[in-house]
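Content type mmCIF, C-alpha atoms, from the file run-v2.cif:
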```cif
data_input
loop_
_atom_site.group_PDB
_atom_site.id
_atom_site.type_symbol
_atom_site.label_atom_id
_atom_site.label_comp_id
_atom_site.auth_asym_id
_atom_site.auth_seq_id
_atom_site.Cartn_x
_atom_site.Cartn_y
_atom_site.Cartn_z
ATOM 1 C CA MET A 1 114.193 66.624 110.801
ATOM 2 C CA ASP A 2 115.481 69.418 112.958
ATOM 3 C CA ILE A 3 114.388 72.992 112.296
ATOM 4 C CA LYS A 4 118.015 74.087 111.964
ATOM 5 C CA ASP A 5 118.398 71.719 108.997
ATOM 6 C CA ILE A 6 115.427 73.352 107.264
ATOM 7 C CA ILE A 7 116.426 76.968 107.842
ATOM 8 C CA LYS A 8 119.190 77.175 105.249
ATOM 9 C CA PRO A 9 119.592 79.554 102.271
ATOM 10 C CA GLU A 10 119.062 76.735 99.726
ATOM 11 C CA ASN A 11 115.619 75.953 101.241
ATOM 12 C CA PHE A 12 114.420 79.559 101.032
ATOM 13 C CA VAL A 13 110.860 79.818 99.692
ATOM 14 C CA TYR A 14 109.442 83.237 100.468
ATOM 15 C CA GLY A 15 110.620 86.326 102.303
ATOM 16 C CA LYS A 16 110.643 90.071 102.332
ATOM 17 C CA SER A 17 111.076 91.725 98.936
ATOM 18 C CA LYS A 18 114.369 93.539 98.331
ATOM 19 C CA VAL A 19 112.454 96.572 97.084
ATOM 20 C CA LEU A 20 111.002 97.101 100.584
ATOM 21 C CA THR A 21 113.202 99.067 102.979
ATOM 22 C CA ASP A 22 114.037 97.894 106.509
ATOM 23 C CA THR A 23 112.027 100.731 108.068
ATOM 24 C CA VAL A 24 109.254 99.489 110.350
ATOM 25 C CA MET A 25 105.910 100.562 108.874
ATOM 26 C CA HIS A 26 103.894 103.016 110.962
ATOM 27 C CA TYR A 27 100.608 101.322 110.021
ATOM 28 C CA CYS A 28 98.397 99.784 112.712
ATOM 29 C CA PRO A 29 98.761 96.023 113.281
ATOM 30 C CA GLY A 30 96.935 94.103 110.538
ATOM 31 C CA CYS A 31 96.504 97.100 108.200
ATOM 32 C CA SER A 32 95.903 96.233 104.538
ATOM 33 C CA HIS A 33 98.339 98.972 103.447
ATOM 34 C CA GLY A 34 101.251 96.778 104.509
ATOM 35 C CA VAL A 35 100.129 93.895 102.283
ATOM 36 C CA VAL A 36 99.534 96.194 99.305
ATOM 37 C CA HIS A 37 102.985 97.803 99.757
ATOM 38 C CA LYS A 38 104.459 94.324 99.834
ATOM 39 C CA ILE A 39 102.806 93.077 96.638
ATOM 40 C CA LEU A 40 103.590 96.360 94.875
ATOM 41 C CA ALA A 41 107.260 95.934 95.864
ATOM 42 C CA GLU A 42 107.213 92.300 94.698
ATOM 43 C CA VAL A 43 105.772 93.249 91.297
ATOM 44 C CA ILE A 44 108.432 95.960 90.879
ATOM 45 C CA GLU A 45 111.150 93.483 91.868
ATOM 46 C CA GLU A 46 109.881 90.721 89.540
ATOM 47 C CA MET A 47 109.601 93.069 86.585
ATOM 48 C CA GLY A 48 113.049 94.535 87.330
ATOM 49 C CA ILE A 49 111.831 98.126 87.121
ATOM 50 C CA GLN A 50 112.994 99.470 90.477
ATOM 51 C CA ASP A 51 115.032 102.295 88.900
ATOM 52 C CA LYS A 52 112.303 103.032 86.326
ATOM 53 C CA THR A 53 109.324 103.442 88.660
ATOM 54 C CA ILE A 54 108.100 106.695 90.172
ATOM 55 C CA GLY A 55 105.450 106.511 92.884
ATOM 56 C CA ILE A 56 103.073 109.303 93.820
ATOM 57 C CA SER A 57 102.042 109.092 97.453
ATOM 58 C CA PRO A 58 98.736 110.559 98.627
ATOM 59 C CA VAL A 59 97.581 112.401 101.696
ATOM 60 C CA GLY A 60 96.297 109.783 104.109
ATOM 61 C CA CYS A 61 97.848 106.928 106.021
ATOM 62 C CA ALA A 62 100.000 106.024 102.986
ATOM 63 C CA VAL A 63 101.635 109.473 102.995
ATOM 64 C CA PHE A 64 104.884 107.875 104.232
ATOM 65 C CA ALA A 65 104.947 105.216 101.493
ATOM 66 C CA TYR A 66 108.259 106.726 100.318
ATOM 67 C CA LYS A 67 109.881 105.435 103.494
ATOM 68 C CA TYR A 68 108.937 101.825 102.792
ATOM 69 C CA ILE A 69 109.262 101.147 99.056
ATOM 70 C CA ASP A 70 112.703 101.846 97.657
ATOM 71 C CA ILE A 71 111.758 103.660 94.421
ATOM 72 C CA ASP A 72 111.540 107.353 93.482
ATOM 73 C CA TRP A 73 108.562 109.086 95.048
ATOM 74 C CA GLN A 74 106.705 112.353 94.913
ATOM 75 C CA GLN A 75 104.192 113.590 97.445
ATOM 76 C CA ALA A 76 101.018 115.123 96.042
ATOM 77 C CA ALA A 77 98.622 117.591 97.641
ATOM 78 C CA HIS A 78 95.407 116.032 98.931
ATOM 79 C CA GLY A 79 93.664 114.200 96.063
ATOM 80 C CA ARG A 80 96.034 115.550 93.410
ATOM 81 C CA ALA A 81 98.108 112.398 92.871
ATOM 82 C CA PRO A 82 96.651 111.720 89.359
ATOM 83 C CA ALA A 83 97.500 115.287 88.298
ATOM 84 C CA LEU A 84 101.089 114.911 89.526
ATOM 85 C CA ALA A 85 101.272 111.452 87.951
ATOM 86 C CA THR A 86 100.140 112.944 84.617
ATOM 87 C CA ALA A 87 102.900 115.541 84.746
ATOM 88 C CA THR A 88 105.526 112.968 85.771
ATOM 89 C CA LYS A 89 104.522 110.508 83.060
ATOM 90 C CA ARG A 90 104.536 113.205 80.352
ATOM 91 C CA LEU A 91 107.969 114.436 81.425
ATOM 92 C CA TYR A 92 109.377 110.902 81.698
ATOM 93 C CA PRO A 93 107.394 108.778 79.221
ATOM 94 C CA ASP A 94 109.770 105.818 79.644
ATOM 95 C CA LYS A 95 109.183 105.537 83.392
ATOM 96 C CA TYR A 96 106.440 103.608 85.126
ATOM 97 C CA VAL A 97 104.285 105.967 87.192
ATOM 98 C CA VAL A 98 102.068 104.631 89.953
ATOM 99 C CA ALA A 99 99.644 106.754 91.987
ATOM 100 C CA TYR A 100 98.763 105.216 95.342
ATOM 101 C CA GLN A 101 95.603 106.670 96.877
ATOM 102 C CA GLY A 102 93.049 106.006 99.578
ATOM 103 C CA ASP A 103 89.295 106.447 99.350
ATOM 104 C CA GLY A 104 89.172 109.803 101.148
ATOM 105 C CA ASP A 105 91.873 111.060 98.793
ATOM 106 C CA LEU A 106 90.655 109.597 95.500
ATOM 107 C CA ALA A 107 86.862 109.382 95.859
ATOM 108 C CA SER A 108 86.256 112.642 97.722
ATOM 109 C CA ILE A 109 88.611 115.607 97.364
ATOM 110 C CA GLY A 110 90.386 114.144 94.329
ATOM 111 C CA THR A 111 87.356 113.067 92.275
ATOM 112 C CA ALA A 112 87.959 115.693 89.589
ATOM 113 C CA GLU A 113 91.633 114.752 89.166
ATOM 114 C CA ILE A 114 91.062 111.016 88.924
ATOM 115 C CA MET A 115 88.096 111.379 86.542
ATOM 116 C CA HIS A 116 90.004 113.608 84.125
ATOM 117 C CA ALA A 117 93.277 111.676 84.342
ATOM 118 C CA CYS A 118 91.382 108.455 83.525
ATOM 119 C CA ASN A 119 89.367 110.171 80.800
ATOM 120 C CA ARG A 120 92.562 111.447 79.153
ATOM 121 C CA GLY A 121 93.856 107.878 79.263
ATOM 122 C CA GLU A 122 97.202 108.730 80.836
ATOM 123 C CA ASN A 123 99.479 105.684 80.820
ATOM 124 C CA ILE A 124 99.675 105.465 84.591
ATOM 125 C CA VAL A 125 98.796 102.875 87.212
ATOM 126 C CA VAL A 126 96.367 103.927 89.935
ATOM 127 C CA ILE A 127 96.112 101.847 93.097
ATOM 128 C CA PHE A 128 93.014 102.744 95.089
ATOM 129 C CA ILE A 129 92.745 101.526 98.691
ATOM 130 C CA ASN A 130 89.074 101.494 99.682
ATOM 131 C CA ASN A 131 88.499 100.921 103.395
ATOM 132 C CA ALA A 132 85.220 102.880 103.525
ATOM 133 C CA ILE A 133 86.493 105.347 106.128
ATOM 134 C CA TYR A 134 88.957 108.210 106.665
ATOM 135 C CA GLY A 135 91.733 106.344 108.462
ATOM 136 C CA MET A 136 94.417 108.884 109.324
ATOM 137 C CA THR A 137 92.141 111.647 110.612
ATOM 138 C CA GLY A 138 90.281 109.404 113.059
ATOM 139 C CA GLY A 139 87.530 107.461 111.317
ATOM 140 C CA GLN A 140 85.184 110.026 109.780
ATOM 141 C CA MET A 141 82.631 109.101 107.115
ATOM 142 C CA ALA A 142 84.051 108.762 103.604
ATOM 143 C CA PRO A 143 82.062 108.805 100.334
ATOM 144 C CA THR A 144 82.547 105.020 100.217
ATOM 145 C CA THR A 145 81.168 104.373 103.737
ATOM 146 C CA LEU A 146 78.405 101.762 103.620
ATOM 147 C CA LEU A 147 74.816 102.596 104.592
ATOM 148 C CA GLY A 148 74.322 101.937 108.311
ATOM 149 C CA MET A 149 78.064 101.886 108.988
ATOM 150 C CA LYS A 150 79.080 103.681 112.186
ATOM 151 C CA THR A 151 81.889 106.234 111.929
ATOM 152 C CA ALA A 152 83.039 109.193 114.041
ATOM 153 C CA THR A 153 80.792 111.572 112.067
ATOM 154 C CA THR A 154 77.871 109.136 111.663
ATOM 155 C CA PRO A 155 77.670 107.646 115.184
ATOM 156 C CA TYR A 156 74.224 106.135 114.524
ATOM 157 C CA GLY A 157 75.176 104.758 111.118
ATOM 158 C CA ARG A 158 75.210 106.363 107.650
ATOM 159 C CA ARG A 159 71.733 107.416 106.525
ATOM 160 C CA ALA A 160 70.860 107.787 102.857
ATOM 161 C CA ASP A 161 68.489 110.723 103.467
ATOM 162 C CA LEU A 162 71.119 112.696 105.388
ATOM 163 C CA ASN A 163 74.476 111.508 104.046
ATOM 164 C CA GLY A 164 73.656 110.203 100.580
ATOM 165 C CA TYR A 165 74.654 106.858 99.137
ATOM 166 C CA PRO A 166 78.047 105.105 99.062
ATOM 167 C CA LEU A 167 80.014 105.966 95.928
ATOM 168 C CA LYS A 168 81.093 103.148 93.605
ATOM 169 C CA ILE A 169 83.835 105.195 91.972
ATOM 170 C CA THR A 170 85.450 102.187 90.301
ATOM 171 C CA GLU A 171 82.267 101.504 88.308
ATOM 172 C CA LEU A 172 82.160 105.193 87.309
ATOM 173 C CA ILE A 173 85.775 105.084 86.145
ATOM 174 C CA ALA A 174 85.101 101.930 84.108
ATOM 175 C CA GLN A 175 82.683 104.009 81.983
ATOM 176 C CA LEU A 176 85.494 106.298 80.804
ATOM 177 C CA GLU A 177 87.057 105.601 77.410
ATOM 178 C CA GLY A 178 90.602 106.300 78.593
ATOM 179 C CA THR A 179 90.824 103.375 80.998
ATOM 180 C CA CYS A 180 92.002 99.998 79.715
ATOM 181 C CA TYR A 181 91.907 97.893 82.863
ATOM 182 C CA VAL A 182 89.615 98.449 85.852
ATOM 183 C CA THR A 183 89.474 95.811 88.553
ATOM 184 C CA ARG A 184 88.523 95.357 92.195
ATOM 185 C CA GLN A 185 90.554 93.049 94.425
ATOM 186 C CA SER A 186 91.174 92.421 98.123
ATOM 187 C CA VAL A 187 94.060 91.210 100.298
ATOM 188 C CA GLN A 188 92.508 89.401 103.279
ATOM 189 C CA ASN A 189 93.705 85.836 102.554
ATOM 190 C CA PRO A 190 96.557 84.197 100.572
ATOM 191 C CA GLY A 191 94.412 83.556 97.478
ATOM 192 C CA SER A 192 93.174 87.122 97.268
ATOM 193 C CA VAL A 193 96.700 88.496 97.828
ATOM 194 C CA ARG A 194 97.961 86.495 94.825
ATOM 195 C CA LYS A 195 95.049 87.687 92.656
ATOM 196 C CA ALA A 196 95.678 91.290 93.669
ATOM 197 C CA LYS A 197 99.360 90.894 92.826
ATOM 198 C CA LYS A 198 98.485 89.563 89.358
ATOM 199 C CA ALA A 199 96.168 92.539 88.841
ATOM 200 C CA ILE A 200 98.900 95.028 89.803
ATOM 201 C CA ARG A 201 101.372 93.287 87.513
ATOM 202 C CA LYS A 202 98.895 93.465 84.636
ATOM 203 C CA ALA A 203 98.383 97.161 85.330
ATOM 204 C CA PHE A 204 102.147 97.792 85.065
ATOM 205 C CA GLU A 205 102.326 95.780 81.830
ATOM 206 C CA ASN A 206 99.450 97.826 80.357
ATOM 207 C CA SER A 207 101.392 100.939 81.250
ATOM 208 C CA ALA A 208 104.387 99.677 79.238
ATOM 209 C CA LEU A 209 102.101 98.847 76.286
ATOM 210 C CA LYS A 210 100.638 102.389 76.400
ATOM 211 C CA LYS A 211 97.082 101.056 76.497
ATOM 212 C CA GLY A 212 95.683 103.727 78.821
ATOM 213 C CA THR A 213 95.004 104.118 82.517
ATOM 214 C CA SER A 214 94.935 100.984 84.674
ATOM 215 C CA PHE A 215 92.905 101.270 87.846
ATOM 216 C CA VAL A 216 93.192 98.695 90.627
ATOM 217 C CA GLU A 217 90.843 99.062 93.597
ATOM 218 C CA ILE A 218 91.775 97.071 96.704
ATOM 219 C CA VAL A 219 88.902 96.626 99.154
ATOM 220 C CA SER A 220 90.672 96.950 102.510
ATOM 221 C CA THR A 221 90.141 97.056 106.234
ATOM 222 C CA CYS A 222 90.755 99.776 108.795
ATOM 223 C CA ASN A 223 90.512 97.714 111.942
ATOM 224 C CA SER A 224 91.463 100.590 114.275
ATOM 225 C CA ASN A 225 88.678 102.859 113.101
ATOM 226 C CA TRP A 226 86.206 100.040 112.565
ATOM 227 C CA LYS A 227 86.960 99.193 116.234
ATOM 228 C CA MET A 228 87.656 95.514 115.543
ATOM 229 C CA THR A 229 90.566 93.108 115.740
ATOM 230 C CA PRO A 230 92.399 92.593 112.410
ATOM 231 C CA VAL A 231 90.965 89.082 111.962
ATOM 232 C CA LYS A 232 87.425 90.208 112.804
ATOM 233 C CA ALA A 233 87.787 93.198 110.475
ATOM 234 C CA ASN A 234 88.730 90.865 107.608
ATOM 235 C CA LYS A 235 85.619 88.785 108.317
ATOM 236 C CA TRP A 236 83.437 91.891 108.556
ATOM 237 C CA MET A 237 84.804 93.051 105.209
ATOM 238 C CA GLU A 238 83.946 89.724 103.569
ATOM 239 C CA GLU A 239 80.399 89.804 104.984
ATOM 240 C CA ASN A 240 79.536 93.478 104.516
ATOM 241 C CA MET A 241 81.846 95.114 101.969
ATOM 242 C CA PHE A 242 81.952 92.398 99.297
ATOM 243 C CA PRO A 243 78.149 92.309 98.654
ATOM 244 C CA PHE A 244 78.267 96.045 97.858
ATOM 245 C CA TYR A 245 81.759 96.119 96.310
ATOM 246 C CA PRO A 246 81.908 92.810 94.380
ATOM 247 C CA LEU A 247 85.404 91.617 93.455
ATOM 248 C CA GLY A 248 86.619 90.950 89.942
ATOM 249 C CA ASP A 249 87.553 92.654 86.680
ATOM 250 C CA ILE A 250 85.085 95.362 85.678
ATOM 251 C CA LYS A 251 86.832 96.261 82.429
ATOM 252 C CA ASP A 252 89.695 94.597 80.604
ATOM 253 C CA ARG A 253 90.672 95.365 77.034
ATOM 254 C CA MET B 1 105.547 64.025 98.038
ATOM 255 C CA ALA B 2 105.592 65.562 101.459
ATOM 256 C CA PHE B 3 107.090 68.820 102.516
ATOM 257 C CA LYS B 4 108.445 70.024 105.790
ATOM 258 C CA GLY B 5 108.847 73.689 106.492
ATOM 259 C CA ALA B 6 109.916 76.245 109.015
ATOM 260 C CA ILE B 7 109.498 79.994 109.452
ATOM 261 C CA VAL B 8 111.768 82.663 110.870
ATOM 262 C CA VAL B 9 110.016 85.648 112.449
ATOM 263 C CA ASP B 10 111.572 89.100 112.751
ATOM 264 C CA ILE B 11 110.339 89.437 116.340
ATOM 265 C CA GLU B 12 111.059 93.144 116.768
ATOM 266 C CA LYS B 13 109.057 94.069 113.660
ATOM 267 C CA CYS B 14 106.055 91.814 114.392
ATOM 268 C CA LYS B 15 102.986 93.738 115.575
ATOM 269 C CA GLY B 16 100.985 90.717 116.723
ATOM 270 C CA CYS B 17 98.010 91.292 114.394
ATOM 271 C CA SER B 18 97.452 87.481 114.264
ATOM 272 C CA VAL B 19 96.357 87.493 110.607
ATOM 273 C CA CYS B 20 99.000 84.787 110.016
ATOM 274 C CA VAL B 21 97.532 82.694 112.848
ATOM 275 C CA ALA B 22 94.072 82.867 111.234
ATOM 276 C CA ASN B 23 95.453 81.943 107.787
ATOM 277 C CA CYS B 24 97.725 79.037 108.847
ATOM 278 C CA PRO B 25 96.104 75.852 107.473
ATOM 279 C CA THR B 26 98.030 73.542 109.830
ATOM 280 C CA GLN B 27 97.678 75.462 113.132
ATOM 281 C CA THR B 28 101.452 75.855 113.310
ATOM 282 C CA ILE B 29 101.567 79.519 114.290
ATOM 283 C CA ALA B 30 100.366 81.122 117.493
ATOM 284 C CA LEU B 31 100.997 84.377 119.310
ATOM 285 C CA ALA B 32 103.648 84.151 122.007
ATOM 286 C CA LYS B 33 102.836 84.816 125.655
ATOM 287 C CA LYS B 34 105.868 87.124 125.730
ATOM 288 C CA VAL B 35 106.045 90.531 124.050
ATOM 289 C CA ASN B 36 108.753 92.297 122.040
ATOM 290 C CA SER B 37 110.366 95.596 123.061
ATOM 291 C CA LYS B 38 107.387 97.537 121.669
ATOM 292 C CA GLY B 39 104.924 95.512 123.755
ATOM 293 C CA TYR B 40 103.391 93.474 120.931
ATOM 294 C CA PRO B 41 102.946 89.709 121.376
ATOM 295 C CA TYR B 42 104.833 88.242 118.402
ATOM 296 C CA CYS B 43 104.002 85.183 116.310
ATOM 297 C CA TYR B 44 106.055 81.996 116.545
ATOM 298 C CA MET B 45 105.865 78.333 115.587
ATOM 299 C CA GLU B 46 103.893 76.738 118.400
ATOM 300 C CA ASN B 47 103.682 73.360 116.628
ATOM 301 C CA PRO B 48 106.808 73.266 114.413
ATOM 302 C CA ASP B 49 106.130 69.651 113.408
ATOM 303 C CA ASN B 50 102.940 70.725 111.590
ATOM 304 C CA CYS B 51 104.615 73.263 109.287
ATOM 305 C CA THR B 52 104.574 72.362 105.578
ATOM 306 C CA GLY B 53 106.237 75.573 104.389
ATOM 307 C CA CYS B 54 103.201 76.658 102.340
ATOM 308 C CA GLY B 55 104.018 80.329 102.880
ATOM 309 C CA ASN B 56 100.436 81.458 103.542
ATOM 310 C CA CYS B 57 101.492 83.247 106.722
ATOM 311 C CA ALA B 58 104.210 85.219 104.941
ATOM 312 C CA THR B 59 101.867 86.037 102.020
ATOM 313 C CA VAL B 60 99.286 87.712 104.258
ATOM 314 C CA CYS B 61 101.735 89.313 106.714
ATOM 315 C CA PRO B 62 101.307 93.106 106.436
ATOM 316 C CA ASP B 63 104.761 93.827 107.845
ATOM 317 C CA SER B 64 106.745 91.181 105.909
ATOM 318 C CA VAL B 65 108.292 89.780 109.092
ATOM 319 C CA ILE B 66 108.045 86.081 108.132
ATOM 320 C CA THR B 67 110.630 84.217 106.052
ATOM 321 C CA VAL B 68 109.681 80.699 104.900
ATOM 322 C CA TYR B 69 111.960 77.706 104.306
ATOM 323 C CA ARG B 70 110.890 74.329 102.919
ATOM 324 C CA VAL B 71 112.440 70.907 102.172
ATOM 325 C CA LYS B 72 111.139 67.792 100.440
ATOM 326 C CA ILE B 73 111.080 64.676 102.610
#
```

Take the structure I supplied and represent it as structure tokens, if you would.
Amino acid sequence: MDIKDIIKPENFVYGKSKVLTDTVMHYCPGCSHGVVHKILAEVIEEMGIQDKTIGISPVGCAVFAYKYIDIDWQQAAHGRAPALATATKRLYPDKYVVAYQGDGDLASIGTAEIMHACNRGENIVVIFINNAIYGMTGGQMAPTTLLGMKTATTPYGRRADLNGYPLKITELIAQLEGTCYVTRQSVQNPGSVRKAKKAIRKAFENSALKKGTSFVEIVSTCNSNWKMTPVKANKWMEENMFPFYPLGDIKDR
Amino acid sequence: MAFKGAIVVDIEKCKGCSVCVANCPTQTIALAKKVNSKGYPYCYMENPDNCTGCGNCATVCPDSVITVYRVKI
């Protein structure tokens, strides 16, 4: 069979979501942000809530998320996305509010905001991209950086006596009464992408059921700042990140 | 039941990360020797006969440049 006979509209299986804009993403080649944007857009498209969703973009690489996903967006100050999401959700209780944050944003400068938003049980969705490094500013150590991991500010590797221990913020958040769904996923292969998409969909459904805060951590790569190729970074993540940040649901009620 | 598939790549948007190449179960995709206008080598079907239209490449593509088509044969 000729390829031209296969490439026809009736044989269409999978393509770009309509909720994504045509703007070329500024992310580095192979960046996990692109995959997470894609599955977030697919969930919004499948649930038919494009005009009912408000996104809160963080400070970090995902600061330009409003250019790529065609929903309403607000831009929060560094780490303050959960605070802005709280305000937005309380003003518009019928809308779906999703805060999209990285690890430097959520686990460092924004720890107070995320802890209290989750403890109050705001009916929002929080997507937390954990790549164990500050991506946009040039690869400095983040609270989530693994012990021994080399970054711009820990050139000989992170040391527990000098830099403290990596922060498992998702486990901390699971302790709070206000959260209903806390999970950790990844997006390095087709199976994990589908699981992560299911988790995000469940988080949105919990938001509609007013069950509390849903928190989805995505263990990600930052191949540019890890100084690896995208494929090697995915492998490194599987070998080094997953033992410390095990995947799966931490809390589901 | 067998399937035969094909992909269409948005060449100008591809950044040549090769995550699709690593995740293709049938070794259909490879990076081209040529580059697009931004200087990235783009992905293409090197062995189009192998493609089953599983969609793994499009699922993992960070820039959503791959569209998948599939027929039953």

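With only the atoms specified (only C-alpha atoms) counting, those residues at most 6 Å away from (105.0, 82.4, 119.6) are Ala30, Leu31, Ala32, Tyr42, Cys43, Tyr44, Met45 and Glu46 of chain B.
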
Report task. Determine, counting all atoms listed in the file, which protein, DNA and RNA residues have an atom within 6 Å of an atom of segment 58-70 of chain B; residues of the same chain fewer than 6 positions away are not included. Present the result as an MDAnalysis selection string. Result -> (chainID A and resid 7 11:16 34:35 190) or (chainID B and resid 4:10)

Please tabulate, as a tab-separated table, the residues of chain A that come within 9 Å of chain B, each with its closest pair of atoms and the distance in Å to one decimal, counting all atoms listed in the file and ordering rows by chain, then residue number upward.
```
residue	atom	partner	partner_atom	distance
A:Met1	CA	B:Lys4	CA	8.3
A:Ile3	CA	B:Ala6	CA	6.4
A:Lys4	CA	B:Ala6	CA	8.9
A:Ile6	CA	B:Tyr69	CA	6.3
A:Ile7	CA	B:Tyr69	CA	5.7
A:Lys8	CA	B:Tyr69	CA	7.3
A:Pro9	CA	B:Tyr69	CA	8.1
A:Glu10	CA	B:Tyr69	CA	8.5
A:Asn11	CA	B:Tyr69	CA	5.1
A:Phe12	CA	B:Tyr69	CA	4.5
A:Val13	CA	B:Tyr69	CA	5.2
A:Tyr14	CA	B:Val68	CA	5.1
A:Gly15	CA	B:Thr67	CA	4.3
A:Lys16	CA	B:Ser64	CA	5.4
A:Ser17	CA	B:Ser64	CA	8.2
A:Val24	CA	B:Lys13	CA	6.4
A:Met25	CA	B:Asp63	CA	6.9
A:Tyr27	CA	B:Asp63	CA	8.8
A:Cys28	CA	B:Lys15	CA	8.1
A:Pro29	CA	B:Cys17	CA	4.9
A:Gly30	CA	B:Cys17	CA	4.9
A:Cys31	CA	B:Pro62	CA	6.5
A:Ser32	CA	B:Pro62	CA	6.5
A:His33	CA	B:Pro62	CA	7.2
A:Gly34	CA	B:Pro62	CA	4.1
A:Val35	CA	B:Pro62	CA	4.4
A:Val36	CA	B:Pro62	CA	8.0
A:His37	CA	B:Pro62	CA	8.3
A:Lys38	CA	B:Ser64	CA	7.2
A:Ile39	CA	B:Thr59	CA	8.9
A:Val187	CA	B:Val60	CA	7.4
A:Gln188	CA	B:Val60	CA	7.1
A:Asn189	CA	B:Val60	CA	6.1
A:Pro190	CA	B:Asn56	CA	5.6
A:Gly191	CA	B:Asn56	CA	8.8
A:Val193	CA	B:Val60	CA	7.0
A:Arg194	CA	B:Thr59	CA	8.2
A:Thr229	CA	B:Cys17	CA	7.8
A:Pro230	CA	B:Cys17	CA	6.1
A:Val231	CA	B:Val19	CA	5.8
A:Asn234	CA	B:Val19	CA	8.9
```

Query raised in the report: For Pro93 of chain A, which residue among A:Ala62, A:Ile133, A:Ile69, A:Leu209 is the nearest when counting all atoms listed in the file?
Result: A:Leu209

Query raised in the report: If you count all atoms listed in the file, which residues fall within 9 Å of segment 217-228 of chain A, apart from same-chain ones fewer than 4 positions away, as an NGL selection string?
Result: :A and (28-33 or 36 or 126-135 or 138-140 or 150-152 or 170 or 182-188 or 196 or 232-234 or 236-237 or 241-242 or 245 or 247)

Query raised in the report: Which residues come within 9 Å of segment 106-120 of chain A, counting all atoms listed in the file, excluding same-chain residues fewer than 2 positions away, as number ranges by chain?
Result: A: 58, 78-83, 85-86, 101-104, 122-124, 126, 128-129, 142-144, 167-169, 172-173, 176-179, 212-215

Query raised in the report: Can you list, as a list in words, every protein, DNA or RNA residue that comes within 8 Å of Arg253 of chain A when you count all atoms listed in the file, leaving out same-chain residues fewer than 2 positions away?
Result: Cys180, Tyr181 and Lys251 of chain A

**Report entry** For atom CA of Glu42 of chain A and atom CA of Thr23 of chain A, the interatomic separation in Å (one decimal)
**Finding:**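 Atom CA of Glu42 of chain A sits 16.5 Å away from atom CA of Thr23 of chain A.
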
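Counting from atom CA of Ile56 of chain A, the distance to atom CA of Phe244 of chain A is 28.4 Å.
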
Query raised in the report: Which one of A:Arg159, A:His26, A:Lys210, A:Arg201 sits closest to Met47 of chain A if you count only C-alpha atoms?
Result: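 Looking at the shortest contact to Met47 of chain A, the residue is A:Arg201.
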